[in-house]
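S.K.: Structure provided below as structure tokens; questions to follow.
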Number of protein chains: 2
Amino acid sequence: MNKTQVKLIEAAEREFAEKGFHGASIRDITSRAGANVASVNYHFGSKETLFIEMIRYRLEPLNTLRIGMLDTAVAKAGPRPLRIKRIVDILVRPMVESLVGGTHGEYFMRAMGRGMAEETAFMQRLYKDVLATLVTRFRKEMRRTLSDLPETVTITCFTYLRSTLSGVLQIRKNNVVLESGIQFPDADTMIVYITGGIEAIVRNYRTKNK
Amino acid sequence: MNKTQVKLIEAAEREFAEKGFHGASIRDITSRAGANVASVNYHFGSKETLFIEMIRYRLEPLNTLRIGMLDTAVAKAGPRPLRIKRIVDILVRPMVESLVGGTHGEYFMRAMGRGMAEETAFMQRLYKDVLATLVTRFRKEMRRTLSDLPETVTITCFTYLRSTLSGVLQIRKNNVVLESGIQFPDADTMIVYITGGIEAIVRNYRTKNK
DNA sequence: CGCCGATTAAAACAAACGTTTGATTCTGCT
DNA sequence: AGCAGAATCAAACGTTTGTTTTAATCGGCG
């Protein structure tokens with residue numbers, strides 16, 4: 001990954017974040033990066049691949065970090081399954097904190113959120129390339145924690161977790177639509193919210209089928 | 001709203017749902033509607049206005065319904081503030097059930113979800129036209145329920161509620177990205193989840209500041 | 001029928017899009 | 001210095017975009 005490629009990726013983050021995949025043009029991106037129009041196609045082959053590589057560039061280290069954290073947590077817990085809150089924490093915190101921290105984080109997350117909301121076709125590729133391992137790994141762990149419940153419940157919980165995450169990702173710091181008093185999320189509250197939601201679903205299921 | 005206009009709106013719902021605002025073209029929409037390319041500009045003035053009118057067409061009745069339900073609930077409760085679950089229920093159920101019910105609902109919701117994720121500029125108009133009243137009304141009610149807490153907590157709760165909602169809206173019945181075992185949400189579980197999340201935030205705040 | 005405003009149809013519009021080309025410059029190595 | 005391969009550049013490619021224009025058609029009313 002050379003200098004121009006990184007400049008292009010960083011420009012792409014901002015443009016995709018602000019305009020979405022279709023809304024941002026290669027000319028916007030390259031001129032922001034101070035590069036030639038042809039540079040995207042030269043270095044990445046296509047606009048789609050640029051998007052994918054942009055995701056991979058930030059998400060791959062993040063995901064290995066998360067899987068690492070999950071592994072050590074599991075190792076430390078021994079035979080006991082992890083608590084819901086722990087799983088959610090590992091899944092959410094590194095992501096949100098990288099979002100609040102560095103300048104790029106915010107743009108990247110929104111770019112990803114919008115891209116995932118927008119596209120259908122080529123997102124399969126992104127899923128298989130960068131997300132599949134993470135999702136199955138975390139779902140397996142969640143399954144172990146909720147082993148007494150049917151799998152559908154686990155899936156439901158995971159669906160809401162993902163929806164909340166992707167919904168939150170799309171919030172921009174100076175929100176336009178939601179204008180009056182939207183609050184940029186911090187990791188702690190978000191974990192509390194998601195965990196609370198999941199535990200409520202579990203509780204609800206248990207009392208209904210006891 | 002004449003026949004052609006309705007046909008255009010229904011076609012727009014599907015196209016916008018499947019391709020997003022920028023991804024769907026006027027030619028896609030008109031040819032699906034069996035109308036001429038010029039019809040959108042003749043009847044609605046522009047692609048953007050078509051989108052706005054499409055939202056208004058479905059959302060306005062839904063919102064008056066929701067505000068009506070909230071009013072009667074408040075009237076019945078008398079001086080007592082509504083419970084969180086009640087507020088969430090009224091906000092979520094009519095929406096999700098119109099989504100699961102009629103054929104159009106699903107497309108419309110996804111179209112809205114994607115549109116809101118995509119756009120920045122002209123969504124302000126949509127917000128002021130169709131969403132503002134609803135949001136402030138419900139937030140006022142939530143504020144009354146959580147009156148012992150600082151307003152920032154209410155805002156936080158409402159932010160997560162909105163994020164979850166918008167995240168869930170974007171789920172498509174046959175999901176591609178999330179492929180293996182995503183579950184289309186039902187109103188009940190969704191209400192349980194959101195309420196559980198909000199109550200967890202509230203609980204968390206109270207124990208920290210007791 | 002004959003007229004008129006409303007609607008539809010086909011064609012053309014300029015602008016913007018992603019991508020390709022071919023020449024030019026830059027870079028590292030012998 | 002001189003060469004080869006990589007990178008950059010301006011220019012142009014063919015499409016597609018939203019929108020406009022102009023002519024044809026429709027529907028109701030006197």
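Convention: chains lettered A, B, ... in structure tokens order; per-chain residue numbering from 1; ligands numbered from 1 as shown.
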Do you know which residues are at most 12 Å from region 8-21 of chain C counting only C-alpha atoms (C1' of nucleotides), after dropping those on the same chain fewer than 4 positions away, and could you put them as a PyMOL selection string?
M.R.: (chain A and resi 22-28+37-42+45-48) or (chain B and resi 4+34-40+42-43) or (chain D and resi 9-26)
S.K.: Tell me the residues of chain B close to chain A, meaning within 7 Å using only C-alpha atoms, as a ChimeraX atom specification.
M.R.: /B:19-20,22-23,114,117-120,123-124,127,155-156,159,163-164,166-168,170,176-177,181-183,189,192-198,200-201
S.K.: Store the residues of this selection in a file with C-alpha atoms, as a CSV table (one decimal), in the first residue's frame.
M.R.:
```
chain,number,residue,atom,x,y,z
B,19,LYS,CA,-31.1,0.3,-5.4
B,20,GLY,CA,-31.2,3.3,-3.1
B,22,HIS,CA,-28.8,7.4,-6.3
B,23,GLY,CA,-28.8,3.9,-7.6
B,114,ARG,CA,-31.8,3.6,2.6
B,117,ALA,CA,-28.9,6.7,5.2
B,118,GLU,CA,-27.8,8.0,1.9
B,119,GLU,CA,-28.8,11.6,1.7
B,120,THR,CA,-27.8,14.6,3.6
B,123,MET,CA,-33.4,15.0,3.8
B,124,GLN,CA,-33.8,18.2,5.9
B,127,TYR,CA,-37.5,15.9,8.1
B,155,ILE,CA,-31.8,12.2,24.2
B,156,THR,CA,-29.4,9.3,24.4
B,159,THR,CA,-30.9,8.3,19.7
B,163,SER,CA,-30.7,4.0,15.3
B,164,THR,CA,-32.2,0.6,16.0
B,166,SER,CA,-33.4,2.8,11.1
B,167,GLY,CA,-31.0,-0.2,11.2
B,168,VAL,CA,-33.9,-2.7,11.3
B,170,GLN,CA,-32.9,-1.6,6.1
B,176,VAL,CA,-27.7,-10.9,1.0
B,177,VAL,CA,-24.9,-9.6,3.1
B,181,GLY,CA,-29.9,-16.9,9.2
B,182,ILE,CA,-30.9,-13.3,9.6
B,183,GLN,CA,-34.4,-13.0,10.9
B,189,THR,CA,-39.5,-8.8,19.9
B,192,VAL,CA,-38.9,-5.9,23.9
B,193,TYR,CA,-35.4,-5.3,22.7
B,194,ILE,CA,-35.6,-1.5,22.4
B,195,THR,CA,-37.4,-1.2,25.7
B,196,GLY,CA,-34.9,-3.4,27.4
B,197,GLY,CA,-32.1,-1.4,26.0
B,198,ILE,CA,-33.5,1.9,27.1
B,200,ALA,CA,-30.9,-0.7,30.9
B,201,ILE,CA,-29.5,2.8,30.1
```
S.K.: List the spatial neighbours of DC4 (chain C) as a ChimeraX atom specification - criterion: any atom at most 12 Å away, only C-alpha atoms (C1' of nucleotides), same-chain residues fewer than 6 positions off excluded.
M.R.: /D:26-30
S.K.: Would you pick out the contacts of Thr154 (chain A) at 8 Å or less, using only C-alpha atoms (C1' of nucleotides), so that residues sharing its chain but fewer than 4 positions from it are not included, and give the list as a list in words?
M.R.: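 That gives Arg139, Met142, Arg143, Leu146, Leu149, Pro150 and Phe158 of chain A.
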S.K.: Just list as a PyMOL selection string whatever in chain A DSSP marks as helix (DSSP H, G or I).
M.R.: chain A and resi 3-23+26-33+39-43+47-77+84-100+103-118+123-145+151-169+187-208
